[in-house]
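Containing mmCIF, C-alpha atoms and all ligand atoms: final03.cif.
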```cif
data_coords
#
loop_
_atom_site.label_atom_id
_atom_site.label_comp_id
_atom_site.auth_asym_id
_atom_site.auth_seq_id
_atom_site.Cartn_x
_atom_site.Cartn_y
_atom_site.Cartn_z
CA MET A 20 -63.96 -13.32 -25.14
CA ARG A 21 -61.45 -10.51 -24.74
CA PHE A 22 -57.78 -10.71 -25.70
CA PRO A 23 -55.06 -11.46 -24.85
CA CYS A 24 -56.36 -14.26 -22.68
CA VAL A 25 -55.36 -17.51 -21.12
CA THR A 26 -57.85 -20.35 -21.38
CA ILE A 27 -57.73 -23.01 -18.71
CA ASN A 28 -59.38 -26.33 -19.51
CA LEU A 29 -60.43 -27.91 -16.22
CA LYS A 30 -61.18 -31.36 -17.71
CA LYS A 31 -57.66 -31.62 -19.13
CA ILE A 32 -56.04 -30.41 -15.94
CA GLU A 33 -58.04 -32.90 -13.91
CA HIS A 34 -56.94 -35.63 -16.33
CA ASN A 35 -53.29 -34.63 -15.93
CA ALA A 36 -53.58 -34.52 -12.15
CA GLU A 37 -55.29 -37.91 -12.08
CA LYS A 38 -52.61 -39.54 -14.25
CA LEU A 39 -49.72 -38.16 -12.24
CA VAL A 40 -51.36 -38.96 -8.90
CA LYS A 41 -51.80 -42.54 -10.17
CA TRP A 42 -48.12 -42.86 -11.19
CA CYS A 43 -47.11 -41.60 -7.78
CA SER A 44 -49.58 -43.56 -5.66
CA GLU A 45 -48.47 -46.81 -7.29
CA ARG A 46 -45.15 -46.11 -5.55
CA GLN A 47 -46.73 -44.90 -2.28
CA ILE A 48 -45.88 -41.30 -3.10
CA GLU A 49 -48.38 -38.56 -2.20
CA VAL A 50 -48.82 -35.55 -4.47
CA MET A 51 -48.59 -32.02 -3.16
CA ALA A 52 -50.11 -30.06 -6.05
CA VAL A 53 -48.36 -26.75 -6.64
CA THR A 54 -50.70 -23.85 -7.26
CA LYS A 55 -48.36 -20.95 -8.03
CA GLY A 56 -48.58 -21.48 -11.81
CA ILE A 57 -52.24 -20.48 -11.76
CA CYS A 58 -51.80 -17.88 -9.00
CA GLY A 59 -53.96 -19.88 -6.62
CA LEU A 60 -57.18 -19.72 -8.69
CA ASP A 61 -59.48 -21.78 -6.49
CA LYS A 62 -61.60 -23.23 -9.34
CA VAL A 63 -58.47 -24.74 -10.86
CA VAL A 64 -57.16 -25.84 -7.49
CA ARG A 65 -60.39 -27.77 -6.88
CA THR A 66 -59.62 -29.85 -9.99
CA PHE A 67 -56.20 -30.73 -8.51
CA ILE A 68 -58.07 -32.04 -5.49
CA LYS A 69 -60.60 -33.91 -7.66
CA GLY A 70 -57.63 -35.43 -9.46
CA GLY A 71 -56.38 -36.84 -6.15
CA ALA A 72 -53.94 -34.30 -4.69
CA LYS A 73 -53.92 -34.58 -0.90
CA LYS A 74 -51.92 -31.44 -0.15
CA LEU A 75 -51.25 -28.10 -1.83
CA GLY A 76 -48.19 -25.90 -2.04
CA ASP A 77 -47.59 -22.36 -3.19
CA SER A 78 -44.57 -20.10 -3.02
CA ARG A 79 -46.55 -16.92 -2.30
CA ILE A 80 -48.45 -16.40 0.92
CA GLU A 81 -51.00 -14.20 -0.91
CA ASN A 82 -52.15 -17.22 -2.95
CA ILE A 83 -52.43 -19.33 0.18
CA VAL A 84 -54.57 -16.68 1.88
CA SER A 85 -56.95 -16.54 -1.10
CA LEU A 86 -57.23 -20.34 -1.27
CA LYS A 87 -58.04 -20.57 2.43
CA GLN A 88 -60.53 -17.73 2.11
CA ALA A 89 -62.14 -19.58 -0.81
CA GLY A 90 -62.77 -22.48 1.53
CA ILE A 91 -60.10 -24.95 0.38
CA SER A 92 -59.71 -27.24 3.35
CA ILE A 93 -56.81 -29.64 2.55
CA PRO A 94 -53.40 -28.70 4.00
CA ILE A 95 -51.48 -25.94 2.19
CA TYR A 96 -47.74 -25.43 2.53
CA LEU A 97 -45.64 -22.39 1.76
CA LEU A 98 -42.95 -23.55 -0.68
CA ARG A 99 -40.60 -20.60 -0.70
CA ILE A 100 -38.72 -20.48 2.57
CA PRO A 101 -40.49 -17.77 4.59
CA MET A 102 -39.26 -14.22 4.98
CA LEU A 103 -38.73 -13.29 8.63
CA SER A 104 -41.10 -10.40 8.03
CA GLU A 105 -43.99 -12.71 7.03
CA VAL A 106 -43.83 -15.44 9.69
CA GLU A 107 -47.05 -14.31 11.36
CA ASP A 108 -49.04 -14.61 8.12
CA VAL A 109 -47.35 -17.90 7.34
CA VAL A 110 -48.39 -19.41 10.65
CA ARG A 111 -51.87 -17.93 10.42
CA TRP A 112 -52.66 -19.16 6.90
CA ALA A 113 -50.34 -22.02 5.95
CA ASP A 114 -50.44 -25.44 7.60
CA GLY A 115 -46.73 -25.86 7.10
CA SER A 116 -43.74 -24.52 5.24
CA LEU A 117 -40.45 -25.54 3.66
CA ASN A 118 -37.52 -24.11 5.60
CA SER A 119 -33.75 -23.92 5.75
CA GLU A 120 -32.93 -21.28 8.41
CA VAL A 121 -33.17 -22.03 12.14
CA LYS A 122 -33.66 -18.33 12.83
CA VAL A 123 -36.80 -18.33 10.71
CA ILE A 124 -38.11 -21.56 12.21
CA GLU A 125 -37.64 -20.05 15.68
CA ALA A 126 -39.64 -17.03 14.59
CA LEU A 127 -42.35 -19.33 13.17
CA SER A 128 -42.48 -21.14 16.50
CA ALA A 129 -42.82 -17.87 18.43
CA ALA A 130 -45.57 -16.65 16.10
CA ALA A 131 -47.34 -20.01 16.35
CA LYS A 132 -47.19 -19.83 20.13
CA THR A 133 -48.84 -16.40 20.11
CA LEU A 134 -51.61 -17.76 17.90
CA GLY A 135 -51.94 -20.98 19.87
CA LYS A 136 -51.02 -23.11 16.85
CA LYS A 137 -48.53 -25.76 15.78
CA HIS A 138 -46.75 -25.19 12.47
CA LYS A 139 -45.34 -28.04 10.38
CA VAL A 140 -41.82 -27.74 9.03
CA ILE A 141 -40.15 -29.61 6.20
CA LEU A 142 -36.41 -29.01 6.33
CA MET A 143 -34.93 -28.45 2.89
CA VAL A 144 -31.64 -30.18 2.11
CA GLU A 145 -29.15 -28.96 -0.50
CA ALA A 146 -28.71 -31.84 -2.93
CA GLY A 147 -26.70 -30.02 -5.58
CA ASP A 148 -28.98 -27.60 -7.44
CA LEU A 149 -27.70 -24.76 -5.21
CA ARG A 150 -30.94 -23.04 -4.37
CA GLU A 151 -32.44 -23.42 -0.87
CA GLY A 152 -31.44 -26.03 1.70
CA VAL A 153 -28.94 -26.87 4.42
CA MET A 154 -25.82 -28.76 3.43
CA PRO A 155 -26.25 -32.51 4.10
CA GLU A 156 -23.52 -32.52 6.77
CA ASN A 157 -25.48 -29.90 8.75
CA VAL A 158 -28.84 -31.65 8.68
CA LEU A 159 -28.58 -33.48 12.03
CA ASP A 160 -27.46 -30.34 13.89
CA THR A 161 -30.30 -28.36 12.33
CA VAL A 162 -32.89 -31.00 13.23
CA SER A 163 -31.65 -31.00 16.84
CA GLU A 164 -32.45 -27.26 16.96
CA ILE A 165 -35.85 -27.63 15.31
CA ILE A 166 -37.15 -30.36 17.61
CA LYS A 167 -36.49 -28.16 20.64
CA LEU A 168 -39.08 -25.64 19.46
CA SER A 169 -42.40 -25.86 21.27
CA ASN A 170 -44.78 -24.85 18.50
CA ILE A 171 -43.12 -26.51 15.54
CA GLU A 172 -43.86 -30.00 14.32
CA PHE A 173 -40.83 -31.39 12.48
CA GLU A 174 -42.55 -33.23 9.65
CA GLY A 175 -39.66 -34.27 7.47
CA ILE A 176 -37.09 -33.28 4.89
CA GLY A 177 -37.16 -32.33 1.26
CA THR A 178 -35.09 -31.13 -1.62
CA ASN A 179 -35.52 -29.13 -4.76
CA LEU A 180 -33.72 -29.88 -8.01
CA GLY A 181 -33.76 -28.70 -11.60
CA CYS A 182 -34.56 -25.09 -10.80
CA TYR A 183 -31.46 -22.94 -10.48
CA GLY A 184 -28.60 -25.28 -11.36
CA GLY A 185 -30.69 -27.44 -13.67
CA VAL A 186 -29.42 -30.49 -11.77
CA LYS A 187 -31.48 -33.57 -12.62
CA ALA A 188 -33.08 -35.82 -10.04
CA SER A 189 -31.07 -39.03 -9.82
CA TYR A 190 -30.96 -42.24 -7.80
CA ASP A 191 -28.00 -40.77 -5.89
CA ASN A 192 -29.44 -37.41 -4.89
CA MET A 193 -32.78 -39.01 -3.95
CA LYS A 194 -31.00 -41.73 -1.95
CA LEU A 195 -29.07 -39.03 -0.10
CA LEU A 196 -32.42 -37.76 1.18
CA VAL A 197 -33.70 -41.20 2.18
CA ASP A 198 -30.43 -41.98 4.02
CA LEU A 199 -30.54 -38.65 5.86
CA ALA A 200 -34.08 -39.45 7.00
CA THR A 201 -32.87 -42.79 8.39
CA ASP A 202 -30.03 -40.98 10.21
CA ILE A 203 -32.50 -38.52 11.73
CA GLU A 204 -34.82 -41.31 12.88
CA GLN A 205 -31.96 -43.25 14.48
CA THR A 206 -30.28 -40.24 16.08
CA PHE A 207 -33.36 -38.62 17.59
CA GLY A 208 -35.79 -41.52 17.85
CA ILE A 209 -38.42 -39.59 15.91
CA GLU A 210 -40.43 -40.43 12.83
CA VAL A 211 -39.63 -38.61 9.58
CA LYS A 212 -43.14 -38.65 8.08
CA THR A 213 -42.40 -36.81 4.88
CA ILE A 214 -39.50 -37.18 2.47
CA SER A 215 -40.37 -34.67 -0.22
CA GLY A 216 -38.32 -35.78 -3.19
CA GLY A 217 -38.80 -33.08 -5.69
CA ASN A 218 -40.91 -31.55 -8.39
CA SER A 219 -42.15 -32.38 -11.87
CA SER A 220 -38.58 -32.96 -13.03
CA THR A 221 -38.43 -36.05 -10.79
CA LEU A 222 -41.40 -37.74 -12.50
CA MET A 223 -39.46 -39.42 -15.29
CA LEU A 224 -37.02 -40.91 -12.78
CA LEU A 225 -40.03 -42.46 -11.08
CA LYS A 226 -41.52 -43.65 -14.39
CA GLN A 227 -38.21 -45.23 -15.43
CA GLY A 228 -37.89 -47.06 -12.11
CA GLY A 229 -34.84 -45.13 -10.94
CA LEU A 230 -36.27 -43.71 -7.73
CA PRO A 231 -34.98 -45.25 -4.48
CA LYS A 232 -37.55 -46.61 -2.02
CA GLY A 233 -38.52 -44.29 0.78
CA ILE A 234 -39.44 -41.05 -1.00
CA THR A 235 -42.97 -40.18 0.20
CA GLN A 236 -43.91 -36.98 -1.62
CA PHE A 237 -43.60 -35.14 -4.93
CA ARG A 238 -44.50 -31.47 -5.28
CA LEU A 239 -46.02 -31.10 -8.76
CA GLY A 240 -46.90 -27.94 -10.63
CA GLU A 241 -45.74 -27.89 -14.26
CA GLY A 242 -46.46 -31.58 -14.82
CA ILE A 243 -50.11 -31.14 -13.89
CA LEU A 244 -50.69 -27.82 -15.65
CA LEU A 245 -48.68 -28.30 -18.83
CA GLY A 246 -47.96 -32.06 -19.02
CA ASN A 247 -44.30 -31.22 -19.40
CA ASP A 248 -41.14 -32.79 -18.00
CA PRO A 249 -39.09 -29.70 -17.07
CA SER A 250 -35.76 -31.57 -17.13
CA THR A 251 -36.06 -32.40 -20.84
CA SER A 252 -38.93 -30.16 -22.00
CA ARG A 253 -40.62 -33.28 -23.40
CA PRO A 254 -44.28 -34.20 -22.92
CA LEU A 255 -45.06 -36.50 -20.00
CA PRO A 256 -46.76 -39.69 -21.26
CA ASP A 257 -50.60 -39.75 -21.18
CA THR A 258 -50.98 -36.07 -20.34
CA TYR A 259 -52.32 -33.04 -22.19
CA GLN A 260 -49.91 -30.27 -23.14
CA ASP A 261 -52.69 -27.91 -24.19
CA ALA A 262 -54.77 -27.67 -21.02
CA ILE A 263 -53.72 -24.03 -20.87
CA LEU A 264 -53.38 -21.88 -23.99
CA LEU A 265 -52.75 -18.24 -24.74
CA LYS A 266 -54.97 -16.53 -27.29
CA ALA A 267 -53.98 -13.15 -28.70
CA GLU A 268 -55.30 -10.90 -31.44
CA VAL A 269 -53.62 -9.71 -34.63
CA ILE A 270 -53.61 -5.89 -35.02
CA GLU A 271 -51.51 -5.45 -38.19
CA VAL A 272 -50.60 -7.63 -41.18
CA LYS A 273 -48.24 -6.24 -43.81
CA THR A 274 -45.55 -7.36 -46.22
CA LYS A 275 -42.29 -5.68 -45.20
CA PRO A 276 -38.57 -6.29 -45.53
CA SER A 277 -37.08 -8.74 -43.01
CA TYR A 278 -34.03 -6.52 -42.46
CA PRO A 279 -34.51 -3.13 -40.73
CA ILE A 280 -33.88 0.01 -42.76
CA GLY A 281 -31.34 2.45 -41.29
CA GLU A 282 -28.46 2.31 -38.81
CA ILE A 283 -29.06 -0.26 -36.03
CA GLY A 284 -28.47 0.86 -32.42
CA LEU A 285 -29.92 -0.69 -29.26
CA ASP A 286 -33.50 -1.99 -29.06
CA ALA A 287 -36.10 -0.98 -26.42
CA PHE A 288 -34.55 -3.39 -23.93
CA GLY A 289 -30.93 -2.26 -24.36
CA ASN A 290 -29.87 -5.17 -26.56
CA LYS A 291 -28.18 -5.00 -29.94
CA PRO A 292 -30.56 -6.93 -32.20
CA PHE A 293 -29.43 -9.24 -34.97
CA PHE A 294 -31.37 -9.83 -38.19
CA GLU A 295 -31.05 -12.17 -41.09
CA ASP A 296 -32.10 -10.71 -44.44
CA LYS A 297 -34.71 -13.10 -45.82
CA GLY A 298 -36.14 -10.61 -48.31
CA LEU A 299 -39.79 -9.60 -48.15
CA MET A 300 -41.87 -11.22 -45.44
CA ARG A 301 -45.56 -11.28 -44.54
CA ARG A 302 -45.55 -10.03 -40.96
CA ALA A 303 -48.27 -9.88 -38.32
CA ILE A 304 -48.34 -7.92 -35.09
CA VAL A 305 -50.16 -9.42 -32.14
CA ALA A 306 -51.36 -7.29 -29.21
CA LEU A 307 -49.17 -8.80 -26.48
CA GLY A 308 -45.63 -8.10 -25.37
CA LYS A 309 -42.79 -8.52 -22.96
CA GLN A 310 -44.71 -6.72 -20.25
CA ASP A 311 -47.15 -9.63 -20.27
CA CYS A 312 -44.90 -12.67 -20.55
CA ARG A 313 -41.63 -14.34 -21.44
CA ILE A 314 -41.86 -14.42 -25.21
CA GLU A 315 -39.28 -17.23 -25.50
CA GLY A 316 -41.80 -19.41 -23.68
CA LEU A 317 -44.46 -19.12 -26.41
CA ALA A 318 -44.91 -21.60 -29.27
CA PRO A 319 -47.63 -21.00 -31.90
CA VAL A 320 -50.02 -23.97 -32.02
CA ASP A 321 -50.08 -23.51 -35.81
CA LYS A 322 -46.61 -24.60 -36.89
CA SER A 323 -46.73 -22.49 -40.07
CA ILE A 324 -46.33 -19.37 -37.90
CA ASP A 325 -42.93 -18.27 -36.56
CA ILE A 326 -42.20 -15.81 -33.77
CA LEU A 327 -39.79 -13.06 -34.83
CA GLY A 328 -39.54 -11.17 -31.55
CA ALA A 329 -41.31 -8.69 -29.36
CA SER A 330 -41.16 -5.33 -27.66
CA SER A 331 -43.06 -4.41 -24.52
CA ASP A 332 -46.53 -4.45 -26.12
CA HIS A 333 -46.09 -5.93 -29.60
CA LEU A 334 -45.35 -9.49 -30.65
CA LEU A 335 -44.07 -9.89 -34.21
CA LEU A 336 -44.86 -12.99 -36.27
CA ASP A 337 -43.70 -14.27 -39.63
CA VAL A 338 -46.92 -15.39 -41.31
CA THR A 339 -45.49 -15.75 -44.82
CA LYS A 340 -46.56 -19.41 -44.84
CA ASN A 341 -50.02 -18.74 -43.42
CA LYS A 342 -52.22 -16.74 -45.77
CA ASP A 343 -55.26 -16.99 -43.47
CA ILE A 344 -53.91 -14.67 -40.79
CA LYS A 345 -55.50 -11.23 -41.08
CA VAL A 346 -56.30 -8.27 -38.84
CA GLY A 347 -58.60 -9.56 -36.11
CA SER A 348 -57.35 -13.17 -36.33
CA ILE A 349 -56.79 -14.94 -33.04
CA VAL A 350 -53.46 -16.75 -32.73
CA GLU A 351 -53.06 -19.56 -30.20
CA PHE A 352 -49.87 -20.39 -28.33
CA ASN A 353 -48.65 -23.26 -26.19
CA LEU A 354 -46.89 -22.06 -23.05
CA SER A 355 -43.79 -22.79 -21.08
CA TYR A 356 -44.12 -22.65 -17.29
CA GLY A 357 -42.17 -19.38 -17.26
CA ALA A 358 -44.54 -17.82 -19.80
CA LEU A 359 -47.56 -19.09 -17.85
CA LEU A 360 -46.34 -17.51 -14.60
CA GLY A 361 -46.00 -14.10 -16.25
CA LEU A 362 -49.33 -14.30 -18.08
CA MET A 363 -51.23 -15.34 -14.97
CA THR A 364 -49.69 -12.45 -13.05
CA SER A 365 -50.39 -9.80 -15.70
CA LYS A 366 -53.58 -7.84 -15.08
CA TYR A 367 -53.74 -7.13 -18.82
CA VAL A 368 -54.27 -10.80 -19.63
CA LYS A 369 -57.80 -12.16 -19.11
CA LYS A 370 -58.25 -15.61 -17.63
CA TYR A 371 -61.07 -17.87 -18.83
CA ILE A 372 -61.88 -21.18 -17.26
CA ILE A 373 -63.43 -23.55 -19.79
C1 LIG A 401 -42.49 -24.29 -7.81
C2 LIG A 401 -42.01 -25.31 -6.89
C3 LIG A 401 -42.31 -26.66 -7.13
C4 LIG A 401 -43.09 -27.13 -8.32
O1 LIG A 401 -42.24 -27.37 -9.37
P1 LIG A 401 -42.75 -27.94 -10.77
O2 LIG A 401 -41.51 -28.12 -11.56
O3 LIG A 401 -43.67 -26.94 -11.32
O4 LIG A 401 -43.41 -29.24 -10.49
C5 LIG A 401 -41.87 -27.59 -6.22
N1 LIG A 401 -41.15 -27.22 -5.14
C6 LIG A 401 -40.82 -25.94 -4.89
C7 LIG A 401 -40.01 -25.61 -3.68
C8 LIG A 401 -41.24 -24.95 -5.75
O5 LIG A 401 -40.93 -23.67 -5.50
#
```
Would you mind giving the structure from this file in structure tokens?
Ligand SMILES: *Cc1c(COP(=O)(O)O)cnc(C)c1O
Amino acid sequence: MRFPCVTINLKKIEHNAEKLVKWCSERQIEVMAVTKGICGLDKVVRTFIKGGAKKLGDSRIENIVSLKQAGISIPIYLLRIPMLSEVEDVVRWADGSLNSEVKVIEALSAAAKTLGKKHKVILMVEAGDLREGVMPENVLDTVSEIIKLSNIEFEGIGTNLGCYGGVKASYDNMKLLVDLATDIEQTFGIEVKTISGGNSSTLMLLKQGGLPKGITQFRLGEGILLGNDPSTSRPLPDTYQDAILLKAEVIEVKTKPSYPIGEIGLDAFGNKPFFEDKGLMRRAIVALGKQDCRIEGLAPVDKSIDILGASSDHLLLDVTKNKDIKVGSIVEFNLSYGALLGLMTSKYVKKYII
């Protein structure tokens, strides 16, 4: 094994997927498994499918292309609303996409026509988190434009919460979506097949019985990969939190003061650092840094180790309470979703499927 590396335990991921698919299917909700967290690694994606996911979603078209090229055959949707400049690729590779701009949907339709295809569209509705989506009062007008387009299949509506504004999924914002779907069906006499009610942060609402009837789909990434409820950062019941771990190697261990010596200016990232003087400290340096991941998203598995901070290539640990750490030791970390995204994207971090 080479370091730093991310280890991905397929059995645990399949277990997580299976559990969450079961929660959802008991309420007639299908799971679109979200693959961006593992950058569309097809071996991992196959475990989502084994676990019961019926559809896949990714926010980057590159990942969708590689999944299709790897022979994944279930429908894959582009989650980030498409760029005008990528509509041709989107139509070519993705079965559908989430959208909020009529101009883009028109371009998707034109591209689909050229390729002799139909492209599925889920219209995103703004339910309060203030990221993508049309305002609820504009949904009917927007749908009337979409259903005119020859090579677009209007599949349904969706919303995204808990991402930018941190707004939690609630009975009210989910019911807004269900009611809008009813309005659409009555106004246009069409079926709204999909009501895509959210992401992993909606799972606890479902578990606690607070989800209104009518939601048909959850898009789940973090819940499957990390067993985490993003809205509270607490473990989801009956799931593994350690399916994916970071392992990194110690390159220096020395006892040094805890307070820097000399006048303190700005650090390598332009911030004025703050230190508490705790006297002498046994410190370890791990070969990993801010270029590889969001350090705030790391938590040592061994609770006797504390993270002090990092620069671009060095992670500093307080190992005063752990006498076993020495040069060459491998330190394991649990990951936040943000840390995982960075690590998976870094070419300096090896990925091992176990
Ligand atoms: C990333 C993403 C998701 C998955 O969110 P998780 O919190 O990881 O479950 C769902 N929907 C959209 C639009 C996304 O971009």
All residues having an atom within 8 Å of ligand LIG 401 (chain A) (all atoms listed in the file) as a list of chain:residue names: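 The distance check yields A:Ala52, A:Val53, A:Lys55, A:Gly56, A:Gly76, A:Asp77, A:Ser78, A:Leu98, A:Arg99, A:Leu117, A:Thr178, A:Asn179, A:Gly181, A:Cys182, A:Gly217, A:Asn218, A:Ser219, A:Ser220, A:Phe237, A:Arg238, A:Leu239, A:Gly240, A:Glu241, A:Gly242, A:Ile243, A:Asp248, A:Pro249, A:Tyr356.
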Residues of region 212-246 of chain A within 12 Å of region 336-353 of chain A: nearest atom pair and distance (Å, one decimal) for each, counting only C-alpha atoms, sorted by chain and number, as a Markdown table?
```
| residue | atom | partner | partner_atom | distance |
| --- | --- | --- | --- | --- |
| A:Leu244 | CA | A:Asn353 | CA | 11.7 |
| A:Leu245 | CA | A:Asn353 | CA | 8.9 |
| A:Gly246 | CA | A:Asn353 | CA | 11.4 |
```
Could the residues of region 98-166 of chain A that have an atom at most 12 Å from region 194-198 of chain A be listed as a tab-separated table, each with its closest atom pair and the distance in Å to one decimal, counting only C-alpha atoms and ordered by chain and ascending residue number?
```
residue	atom	partner	partner_atom	distance
A:Leu142	CA	A:Leu196	CA	10.9
A:Met143	CA	A:Leu196	CA	9.8
A:Val144	CA	A:Leu196	CA	7.7
A:Glu145	CA	A:Leu196	CA	9.5
A:Ala146	CA	A:Leu195	CA	7.7
A:Gly147	CA	A:Leu195	CA	10.8
A:Gly152	CA	A:Leu196	CA	11.8
A:Val153	CA	A:Leu196	CA	11.9
A:Met154	CA	A:Leu195	CA	11.3
A:Pro155	CA	A:Leu195	CA	8.3
A:Glu156	CA	A:Leu195	CA	11.0
A:Val158	CA	A:Leu196	CA	10.3
A:Leu159	CA	A:Asp198	CA	11.8
```
Point-to-point distance in Å for CA of Thr235 (chain A) and CA of Thr258 (chain A):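 CA of Thr235 (chain A) lies 22.4 Å from CA of Thr258 (chain A).
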Pick from A:Cys24, A:Val140, A:Tyr367, A:Gln236 nearest to Glu49 (chain A), counting all atoms listed in the file: A:Gln236
Contacts of region 307-321 of chain A at 10 Å (all atoms listed in the file; same-chain gap of 4+ positions) as a VMD selection string: chain A and resid 22 to 24 261 264 to 269 288 325 to 336 341 350 to 368
Let me see the file: selected residues, C-alpha atoms, as a short mmCIF file (atom, residue, chain, number, x, y, z; two decimals), in the coordinates of the input.
```cif
data_model
loop_
_atom_site.label_atom_id
_atom_site.label_comp_id
_atom_site.auth_asym_id
_atom_site.auth_seq_id
_atom_site.Cartn_x
_atom_site.Cartn_y
_atom_site.Cartn_z
CA PHE A 22 -57.78 -10.71 -25.70
CA PRO A 23 -55.06 -11.46 -24.85
CA CYS A 24 -56.36 -14.26 -22.68
CA ASP A 261 -52.69 -27.91 -24.19
CA LEU A 264 -53.38 -21.88 -23.99
CA LEU A 265 -52.75 -18.24 -24.74
CA LYS A 266 -54.97 -16.53 -27.29
CA ALA A 267 -53.98 -13.15 -28.70
CA GLU A 268 -55.30 -10.90 -31.44
CA VAL A 269 -53.62 -9.71 -34.63
CA PHE A 288 -34.55 -3.39 -23.93
CA ASP A 325 -42.93 -18.27 -36.56
CA ILE A 326 -42.20 -15.81 -33.77
CA LEU A 327 -39.79 -13.06 -34.83
CA GLY A 328 -39.54 -11.17 -31.55
CA ALA A 329 -41.31 -8.69 -29.36
CA SER A 330 -41.16 -5.33 -27.66
CA SER A 331 -43.06 -4.41 -24.52
CA ASP A 332 -46.53 -4.45 -26.12
CA HIS A 333 -46.09 -5.93 -29.60
CA LEU A 334 -45.35 -9.49 -30.65
CA LEU A 335 -44.07 -9.89 -34.21
CA LEU A 336 -44.86 -12.99 -36.27
CA ASN A 341 -50.02 -18.74 -43.42
CA VAL A 350 -53.46 -16.75 -32.73
CA GLU A 351 -53.06 -19.56 -30.20
CA PHE A 352 -49.87 -20.39 -28.33
CA ASN A 353 -48.65 -23.26 -26.19
CA LEU A 354 -46.89 -22.06 -23.05
CA SER A 355 -43.79 -22.79 -21.08
CA TYR A 356 -44.12 -22.65 -17.29
CA GLY A 357 -42.17 -19.38 -17.26
CA ALA A 358 -44.54 -17.82 -19.80
CA LEU A 359 -47.56 -19.09 -17.85
CA LEU A 360 -46.34 -17.51 -14.60
CA GLY A 361 -46.00 -14.10 -16.25
CA LEU A 362 -49.33 -14.30 -18.08
CA MET A 363 -51.23 -15.34 -14.97
CA THR A 364 -49.69 -12.45 -13.05
CA SER A 365 -50.39 -9.80 -15.70
CA LYS A 366 -53.58 -7.84 -15.08
CA TYR A 367 -53.74 -7.13 -18.82
CA VAL A 368 -54.27 -10.80 -19.63
#
```
Pick from A:Ser215, A:Ser92, A:Asn170, A:Ser85 nearest to Ala126 (chain A), counting all atoms listed in the file: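 Distance minimum relative to Ala126 (chain A) lands on A:Asn170.
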A:Thr274, A:Ser252, A:Asn82, A:Thr66 ranked by distance to Ala113 (chain A), top pick (using all atoms listed in the file): A:Asn82
Selected residue, from A:Val40, A:Ile48, A:Leu299, A:Leu180, that lies nearest to Gly233 (chain A) when counting only C-alpha atoms: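 Nearest to Gly233 (chain A): A:Ile48.
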Atom pair CA of Glu45 (chain A) / CA of Ala188 (chain A): separation (Å):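 For CA of Glu45 (chain A) relative to CA of Ala188 (chain A), the distance reads 19.1 Å.
Taking CA of Ile91 (chain A) and CA of Met223 (chain A) as the two end points, the separation is 29.7 Å.
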Among the residues A:Asn118, A:Arg111, A:Leu29, A:Gly184, the one that comes closest to Lys136 (chain A) [using only C-alpha atoms]: A:Arg111
Nearest to Asp257 (chain A), chosen from A:Lys370, A:Met193, A:Ile304, A:Lys226, with only C-alpha atoms counted in the distances: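 Selected residue with least distance to Asp257 (chain A): A:Lys226.
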Neighbour list for Val110 (chain A) as a list in words, cut-off 8 Å, all atoms listed in the file, skip fewer than 5 positions in-chain: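 That gives Gly115, Leu127, Ala130, Ala131, Lys136 and His138 of chain A.
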Where's the centre, and what are the edge lengths in Å to one decimal, of a box along x, y and z enclosing all listed atoms of region 228-239 of chain A padded 3 Å per side, as lines of an AutoDock Vina configuration file?
```
center_x = -40.4
center_y = -39.1
center_z = -5.7
size_x = 17.2
size_y = 22.0
size_z = 18.9
```
